[in-house]
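Just protein_13.pdb here, PDB, C-alpha atoms:
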```
MODEL        1
ATOM      1  CA  MET A   1       7.815  19.525  77.170
ATOM      2  CA  LYS A   2       9.665  16.254  77.166
ATOM      3  CA  ARG A   3      11.855  15.183  74.272
ATOM      4  CA  GLY A   4       9.881  11.953  73.865
ATOM      5  CA  ASP A   5       6.661  13.916  73.434
ATOM      6  CA  VAL A   6       8.219  15.990  70.613
ATOM      7  CA  THR A   7       9.396  12.850  68.793
ATOM      8  CA  TYR A   8       5.956  11.281  69.100
ATOM      9  CA  ARG A   9       4.213  14.375  67.769
ATOM     10  CA  ARG A  10       6.585  14.559  64.740
ATOM     11  CA  ARG A  11       5.930  10.928  63.920
ATOM     12  CA  SER A  12       2.176  11.506  64.232
ATOM     13  CA  ALA A  13       2.385  14.457  61.865
ATOM     14  CA  LEU A  14       4.334  12.386  59.309
ATOM     15  CA  ARG A  15       1.753   9.595  59.542
ATOM     16  CA  GLY A  16      -1.012  12.144  59.000
ATOM     17  CA  ARG A  17       0.639  13.550  55.891
ATOM     18  CA  SER A  18       1.258  10.018  54.545
ATOM     19  CA  ALA A  19      -2.396   9.165  55.073
ATOM     20  CA  VAL A  20      -3.453  12.297  53.210
ATOM     21  CA  SER A  21      -1.080  11.482  50.293
ATOM     22  CA  LEU A  22      -2.357   7.907  50.113
ATOM     23  CA  ALA A  23      -5.949   9.120  50.137
ATOM     24  CA  GLY A  24      -5.141  11.521  47.298
ATOM     25  CA  LEU A  25      -3.590   8.748  45.217
ATOM     26  CA  LEU A  26      -6.604   6.512  45.803
ATOM     27  CA  ALA A  27      -8.926   9.314  44.740
ATOM     28  CA  VAL A  28      -7.001   9.873  41.495
ATOM     29  CA  ALA A  29      -7.035   6.132  40.779
ATOM     30  CA  ALA A  30     -10.784   6.068  41.360
ATOM     31  CA  LEU A  31     -11.285   8.950  38.942
ATOM     32  CA  VAL A  32      -9.175   7.258  36.281
ATOM     33  CA  SER A  33     -11.053   4.003  36.740
ATOM     34  CA  GLY A  34     -14.369   5.837  36.540
ATOM     35  CA  CYS A  35     -13.367   7.348  33.196
ATOM     36  CA  GLY A  36     -12.731   3.925  31.744
ATOM     37  CA  ILE A  37      -8.955   4.475  31.411
ATOM     38  CA  ARG A  38      -6.712   1.573  32.283
ATOM     39  CA  THR A  39      -3.505   2.573  34.005
ATOM     40  CA  THR A  40      -0.287   1.000  32.828
ATOM     41  CA  SER A  41       3.332   1.215  33.866
ATOM     42  CA  VAL A  42       4.719   0.802  30.339
ATOM     43  CA  PRO A  43       4.269   2.917  27.162
ATOM     44  CA  VAL A  44       1.460   1.731  24.898
ATOM     45  CA  ASP A  45       1.783   1.812  21.121
ATOM     46  CA  ALA A  46      -1.636   2.775  19.801
ATOM     47  CA  GLY A  47      -0.540   2.216  16.208
ATOM     48  CA  ALA A  48      -0.692   4.588  13.288
ATOM     49  CA  ALA A  49      -3.429   7.168  13.125
ATOM     50  CA  PRO A  50      -6.380   5.972  11.050
ATOM     51  CA  SER A  51      -6.290   7.171   7.450
ATOM     52  CA  ARG A  52      -8.985   9.572   6.323
ATOM     53  CA  VAL A  53      -8.473   8.533   2.692
ATOM     54  CA  PRO A  54     -11.432   6.371   1.583
ATOM     55  CA  CYS A  55      -9.666   4.625  -1.365
ATOM     56  CA  ARG A  56     -13.100   4.019  -2.796
ATOM     57  CA  LEU A  57     -15.001   5.965  -5.412
ATOM     58  CA  SER A  58     -18.445   7.312  -4.684
ATOM     59  CA  ALA A  59     -21.266   6.265  -6.991
ATOM     60  CA  SER A  60     -21.243   9.694  -8.647
ATOM     61  CA  ASP A  61     -17.515   9.412  -9.436
ATOM     62  CA  VAL A  62     -17.690   6.038 -11.172
ATOM     63  CA  ALA A  63     -17.185   6.526 -14.907
ATOM     64  CA  THR A  64     -20.153   5.610 -17.067
ATOM     65  CA  ARG A  65     -19.263   2.816 -19.471
ATOM     66  CA  SER A  66     -20.397   3.202 -23.054
ATOM     67  CA  PRO A  67     -22.037   0.256 -24.883
ATOM     68  CA  ASP A  68     -18.931  -0.266 -27.023
ATOM     69  CA  SER A  69     -16.560  -0.583 -24.061
ATOM     70  CA  VAL A  70     -15.743  -3.136 -21.381
ATOM     71  CA  SER A  71     -14.612  -2.657 -17.803
ATOM     72  CA  ALA A  72     -11.010  -3.417 -16.886
ATOM     73  CA  GLU A  73      -9.358  -3.330 -13.472
ATOM     74  CA  VAL A  74      -6.156  -1.339 -13.124
ATOM     75  CA  TYR A  75      -4.119  -0.820  -9.991
ATOM     76  CA  LEU A  76      -3.446   2.645  -8.605
ATOM     77  CA  VAL A  77      -1.676   3.709  -5.416
ATOM     78  CA  CYS A  78      -3.822   4.750  -2.456
ATOM     79  CA  ALA A  79      -2.774   5.040   1.193
ATOM     80  CA  SER A  80       0.562   3.364   0.307
ATOM     81  CA  GLN A  81      -1.212   0.299  -1.093
ATOM     82  CA  LEU A  82      -2.356  -0.934  -4.492
ATOM     83  CA  VAL A  83      -6.102  -0.663  -5.002
ATOM     84  CA  THR A  84      -8.084  -1.451  -8.147
ATOM     85  CA  VAL A  85     -10.287   0.975 -10.018
ATOM     86  CA  ASP A  86     -12.476   0.151 -13.005
ATOM     87  CA  ARG A  87     -11.568   1.803 -16.270
ATOM     88  CA  PRO A  88     -13.493   1.472 -19.567
ATOM     89  CA  MET A  89     -11.624  -0.228 -22.411
ATOM     90  CA  PRO A  90     -12.648  -0.561 -26.069
ATOM     91  CA  THR A  91     -14.468  -3.803 -26.777
ATOM     92  CA  ASP A  92     -12.040  -4.640 -29.573
ATOM     93  CA  ALA A  93      -9.233  -4.764 -26.979
ATOM     94  CA  VAL A  94     -10.678  -8.067 -25.767
ATOM     95  CA  GLY A  95      -9.072 -10.874 -27.741
ATOM     96  CA  ALA A  96      -6.488  -8.569 -29.286
ATOM     97  CA  GLU A  97      -2.810  -9.467 -29.485
ATOM     98  CA  PRO A  98      -1.191  -9.513 -26.010
ATOM     99  CA  VAL A  99       1.049  -6.538 -26.808
ATOM    100  CA  GLU A 100      -2.015  -4.483 -27.803
ATOM    101  CA  VAL A 101      -3.795  -5.459 -24.583
ATOM    102  CA  ALA A 102      -0.653  -4.504 -22.656
ATOM    103  CA  ARG A 103      -0.494  -1.125 -24.387
ATOM    104  CA  THR A 104      -4.135  -0.386 -23.644
ATOM    105  CA  LEU A 105      -3.746  -1.290 -19.969
ATOM    106  CA  LEU A 106      -0.504   0.689 -19.713
ATOM    107  CA  ASN A 107      -2.259   3.734 -21.134
ATOM    108  CA  GLU A 108      -4.941   3.417 -18.460
ATOM    109  CA  VAL A 109      -2.619   2.881 -15.519
ATOM    110  CA  GLN A 110      -0.284   5.752 -16.458
ATOM    111  CA  GLN A 111      -3.108   8.266 -16.926
ATOM    112  CA  ALA A 112      -3.433  10.918 -14.250
ATOM    113  CA  PRO A 113      -6.310   9.947 -11.930
ATOM    114  CA  SER A 114      -9.614  11.673 -12.513
ATOM    115  CA  ALA A 115     -10.905  14.320 -10.121
ATOM    116  CA  GLY A 116     -13.058  11.726  -8.363
ATOM    117  CA  GLU A 117     -10.132   9.334  -8.031
ATOM    118  CA  ARG A 118      -7.948  12.105  -6.619
ATOM    119  CA  ARG A 119     -10.605  12.936  -4.036
ATOM    120  CA  ALA A 120     -10.610   9.284  -2.999
ATOM    121  CA  GLY A 121      -6.821   9.417  -2.576
ATOM    122  CA  PHE A 122      -5.648   7.637  -5.747
ATOM    123  CA  THR A 123      -2.360   8.416  -7.489
ATOM    124  CA  THR A 124      -0.203   6.663 -10.074
ATOM    125  CA  ALA A 125       3.554   6.186 -10.150
ATOM    126  CA  VAL A 126       3.781   4.832 -13.720
ATOM    127  CA  PRO A 127       5.642   7.380 -15.879
ATOM    128  CA  ALA A 128       3.761   8.850 -18.829
ATOM    129  CA  GLY A 129       6.571   8.168 -21.304
ATOM    130  CA  LEU A 130       6.740   4.405 -20.693
ATOM    131  CA  ARG A 131       5.985   2.187 -23.731
ATOM    132  CA  VAL A 132       5.455  -1.520 -24.388
ATOM    133  CA  ASP A 133       7.080  -3.347 -27.304
ATOM    134  CA  PRO A 134       6.718  -6.923 -28.560
ATOM    135  CA  SER A 135       9.038  -9.714 -27.482
ATOM    136  CA  ARG A 136      12.287 -10.461 -29.279
ATOM    137  CA  SER A 137      13.557 -13.637 -30.848
ATOM    138  CA  GLY A 138      14.644 -15.982 -28.089
ATOM    139  CA  ASP A 139      12.470 -14.369 -25.407
ATOM    140  CA  PRO A 140      10.237 -16.651 -23.311
ATOM    141  CA  ALA A 141       6.655 -16.882 -24.540
ATOM    142  CA  GLY A 142       4.501 -13.988 -23.397
ATOM    143  CA  THR A 143       7.383 -11.579 -22.858
ATOM    144  CA  LEU A 144       6.641  -7.861 -22.971
ATOM    145  CA  ARG A 145       9.516  -5.474 -23.564
ATOM    146  CA  LEU A 146       9.275  -2.083 -21.842
ATOM    147  CA  SER A 147      11.011   1.063 -23.051
ATOM    148  CA  SER A 148      12.682   1.238 -19.614
ATOM    149  CA  GLN A 149      14.370  -1.563 -17.742
ATOM    150  CA  PRO A 150      11.768  -2.846 -15.217
ATOM    151  CA  GLU A 151      14.243  -2.544 -12.340
ATOM    152  CA  ASP A 152      14.779   1.122 -13.223
ATOM    153  CA  LEU A 153      11.116   1.918 -12.544
ATOM    154  CA  SER A 154      10.081   2.904  -9.051
ATOM    155  CA  GLU A 155       8.921  -0.032  -6.943
ATOM    156  CA  GLU A 156       5.388   1.363  -6.872
ATOM    157  CA  ALA A 157       5.294   1.798 -10.657
ATOM    158  CA  LEU A 158       6.559  -1.728 -11.303
ATOM    159  CA  ALA A 159       4.098  -3.192  -8.784
ATOM    160  CA  GLN A 160       1.225  -1.258 -10.399
ATOM    161  CA  LEU A 161       2.136  -2.535 -13.845
ATOM    162  CA  VAL A 162       2.711  -6.143 -12.798
ATOM    163  CA  CYS A 163      -0.541  -6.376 -10.840
ATOM    164  CA  THR A 164      -2.539  -4.687 -13.604
ATOM    165  CA  TYR A 165      -1.133  -7.083 -16.215
ATOM    166  CA  ALA A 166      -1.718 -10.037 -13.884
ATOM    167  CA  GLU A 167      -5.470  -9.379 -14.141
ATOM    168  CA  SER A 168      -5.361 -10.251 -17.865
ATOM    169  CA  GLU A 169      -5.076 -13.954 -18.720
ATOM    170  CA  SER A 170      -3.387 -13.180 -22.046
ATOM    171  CA  LEU A 171      -0.494 -11.453 -20.257
ATOM    172  CA  VAL A 172       0.247 -14.137 -17.657
ATOM    173  CA  ARG A 173       2.610 -17.073 -18.111
ATOM    174  CA  ASP A 174       2.630 -19.743 -15.382
ATOM    175  CA  GLY A 175       1.187 -17.230 -12.930
ATOM    176  CA  SER A 176       3.748 -14.510 -13.587
ATOM    177  CA  VAL A 177       4.062 -11.472 -15.835
ATOM    178  CA  VAL A 178       7.200 -11.660 -17.999
ATOM    179  CA  LEU A 179       8.863  -8.288 -18.519
ATOM    180  CA  GLY A 180      12.079  -7.175 -20.163
ATOM    181  CA  GLY A 181      13.637  -3.856 -21.034
ATOM    182  CA  PRO A 182      15.280  -2.239 -24.037
ATOM    183  CA  GLY A 183      18.718  -3.637 -23.226
ATOM    184  CA  ASP A 184      20.231  -7.088 -23.549
ATOM    185  CA  TYR A 185      19.276  -8.199 -20.051
ATOM    186  CA  PRO A 186      17.096 -11.345 -20.040
ATOM    187  CA  PRO A 187      13.380 -10.947 -19.251
ATOM    188  CA  ARG A 188      12.125 -11.889 -15.795
ATOM    189  CA  GLY A 189       8.824 -13.162 -14.466
ATOM    190  CA  TYR A 190       7.132 -11.049 -11.789
ATOM    191  CA  LEU A 191       4.450 -12.150  -9.348
ATOM    192  CA  CYS A 192       1.611 -10.045  -7.967
ATOM    193  CA  THR A 193       0.940 -11.267  -4.441
ATOM    194  CA  SER A 194      -1.212  -9.983  -1.597
ATOM    195  CA  GLN A 195       1.969  -8.599  -0.031
ATOM    196  CA  THR A 196       2.787  -6.778  -3.255
ATOM    197  CA  LYS A 197      -0.597  -5.082  -3.063
ATOM    198  CA  SER A 198      -0.342  -4.157   0.616
ATOM    199  CA  ARG A 199       3.326  -3.024   0.528
ATOM    200  CA  PRO A 200       4.249  -2.114  -3.066
ATOM    201  CA  GLY A 201       7.152   0.030  -1.950
ATOM    202  CA  ASP A 202       8.818  -2.878  -0.154
ATOM    203  CA  LEU A 203       8.101  -5.555  -2.687
ATOM    204  CA  ALA A 204       7.875  -6.042  -6.463
ATOM    205  CA  THR A 205      11.416  -6.814  -7.610
ATOM    206  CA  PRO A 206      12.071  -9.177  -4.647
ATOM    207  CA  ASP A 207       9.132 -11.241  -5.897
ATOM    208  CA  ALA A 208      10.693 -11.560  -9.347
ATOM    209  CA  LEU A 209      11.254 -15.061 -10.694
ATOM    210  CA  ARG A 210      14.157 -15.557 -13.062
ATOM    211  CA  LEU A 211      13.083 -17.590 -16.051
ATOM    212  CA  ASP A 212      15.128 -20.418 -17.536
TER
ENDMDL
END
```
Final structure tokens representation of the file:
Amino acid sequence: MKRGDVTYRRRSALRGRSAVSLAGLLAVAALVSGCGIRTTSVPVDAGAAPSRVPCRLSASDVATRSPDSVSAEVYLVCASQLVTVDRPMPTDAVGAEPVEVARTLLNEVQQAPSAGERRAGFTTAVPAGLRVDPSRSGDPAGTLRLSSQPEDLSEEALAQLVCTYAESESLVRDGSVVLGGPGDYPPRGYLCTSQTKSRPGDLATPDALRLD
């Protein structure tokens, strides 16, 4: 056998194996395409896994309102966002002094969620021992004094309280909720924005407006 014949046969064998490998790759690509999967050369971020928490009460879990009560919206935490739930309030709370309205709403927002609310994924971060006191002499109009400094509350708790109070016209001054604490620090106005509701852990105090 001549040396040239051996070289030719080796090259032919290599071409044959390359053709088989290429055919295999084409077959795999055809299978992938047939399954509706797009190939890509870079990693794809599919985003966070969808939440299974509904954040919505079923009809059977909605509290029945008595004739001598009204419905009030309070903000609870669900799936790392603020979501409203309806809570019954006494009719005489409507038109009451702002501090009384604030106390009633605080009582609702700091209550442990009902069984139905827990099933829907609701929680509250507002501490049970928090209280609301009237404003002091020299405070801006509409000020509410908390038993804890607002900045000492968790961001979620402060966002819950601000957004809940923002739903009541009697507790809003120039679009903001004015809160102070037990110390000598001046009160501040807090806004409830769409970003506050979607990311309460990142916002709340950064949205605060210092009052003159």
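What separates atom CA of A:Pro200 from atom CA of A:Glu156 is a distance of 5.3 Å.
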Running the PyMOL selection byres ((chain A and resi 153) around 12) on this model by hand, what would come out? Give it as a PyMOL selection string. chain A and resi 125-130+146-152+154-162+180-181+201+204-205
Expressed in Å, the length from atom CA of A:Val85 to atom CA of A:Glu73 is 5.6 Å
Would you mind listing what lies within 8 Å of stretch 74-83 of chain A as a PDB file with C-alpha atoms, keeping the file's coordinate frame, with only C-alpha atoms counted and same-chain residues fewer than 6 positions away left out?
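Result file follows (result04.pdb):
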```
ATOM      1  CA  SER A  51      -6.290   7.171   7.450  1.00  0.00           C
ATOM      2  CA  VAL A  53      -8.473   8.533   2.692  1.00  0.00           C
ATOM      3  CA  CYS A  55      -9.666   4.625  -1.365  1.00  0.00           C
ATOM      4  CA  LEU A 105      -3.746  -1.290 -19.969  1.00  0.00           C
ATOM      5  CA  GLU A 108      -4.941   3.417 -18.460  1.00  0.00           C
ATOM      6  CA  VAL A 109      -2.619   2.881 -15.519  1.00  0.00           C
ATOM      7  CA  GLY A 121      -6.821   9.417  -2.576  1.00  0.00           C
ATOM      8  CA  PHE A 122      -5.648   7.637  -5.747  1.00  0.00           C
ATOM      9  CA  THR A 123      -2.360   8.416  -7.489  1.00  0.00           C
ATOM     10  CA  THR A 124      -0.203   6.663 -10.074  1.00  0.00           C
ATOM     11  CA  ALA A 125       3.554   6.186 -10.150  1.00  0.00           C
ATOM     12  CA  GLU A 156       5.388   1.363  -6.872  1.00  0.00           C
ATOM     13  CA  GLN A 160       1.225  -1.258 -10.399  1.00  0.00           C
ATOM     14  CA  LEU A 161       2.136  -2.535 -13.845  1.00  0.00           C
ATOM     15  CA  CYS A 163      -0.541  -6.376 -10.840  1.00  0.00           C
ATOM     16  CA  THR A 164      -2.539  -4.687 -13.604  1.00  0.00           C
ATOM     17  CA  THR A 196       2.787  -6.778  -3.255  1.00  0.00           C
ATOM     18  CA  LYS A 197      -0.597  -5.082  -3.063  1.00  0.00           C
ATOM     19  CA  SER A 198      -0.342  -4.157   0.616  1.00  0.00           C
ATOM     20  CA  ARG A 199       3.326  -3.024   0.528  1.00  0.00           C
ATOM     21  CA  PRO A 200       4.249  -2.114  -3.066  1.00  0.00           C
ATOM     22  CA  GLY A 201       7.152   0.030  -1.950  1.00  0.00           C
TER      23      GLY A 201
END
```
Target residues per the PyMOL selection byres ((chain A and resi 179) around 12), formatted as a PyMOL selection string: chain A and resi 99+102+132-136+139-151+158-159+161-162+165-166+171-173+176-178+180-183+185-191+205+208-211
Hey, can you check how far atom CA of A:Arg87 sits from atom CA of A:Glu169? 17.2 Å
I want to know what sits within 8 Å of A:Met89, based on only C-alpha atoms, with residues of the same chain fewer than 6 positions away left out; could you give that as a list in words?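 These residues fall inside the cut-off: Ser69, Val70, Ser71, Ala72 and Thr104 of chain A.
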Taking every listed atom of stretch 120-128 of chain A and adding 6 Å to each side, what centre and edge lengths in Å (one decimal) does the axis-aligned box have, as JSON?
```
{"center_x": -2.5, "center_y": 7.1, "center_z": -10.7, "size_x": 28.3, "size_y": 16.6, "size_z": 28.3}
```
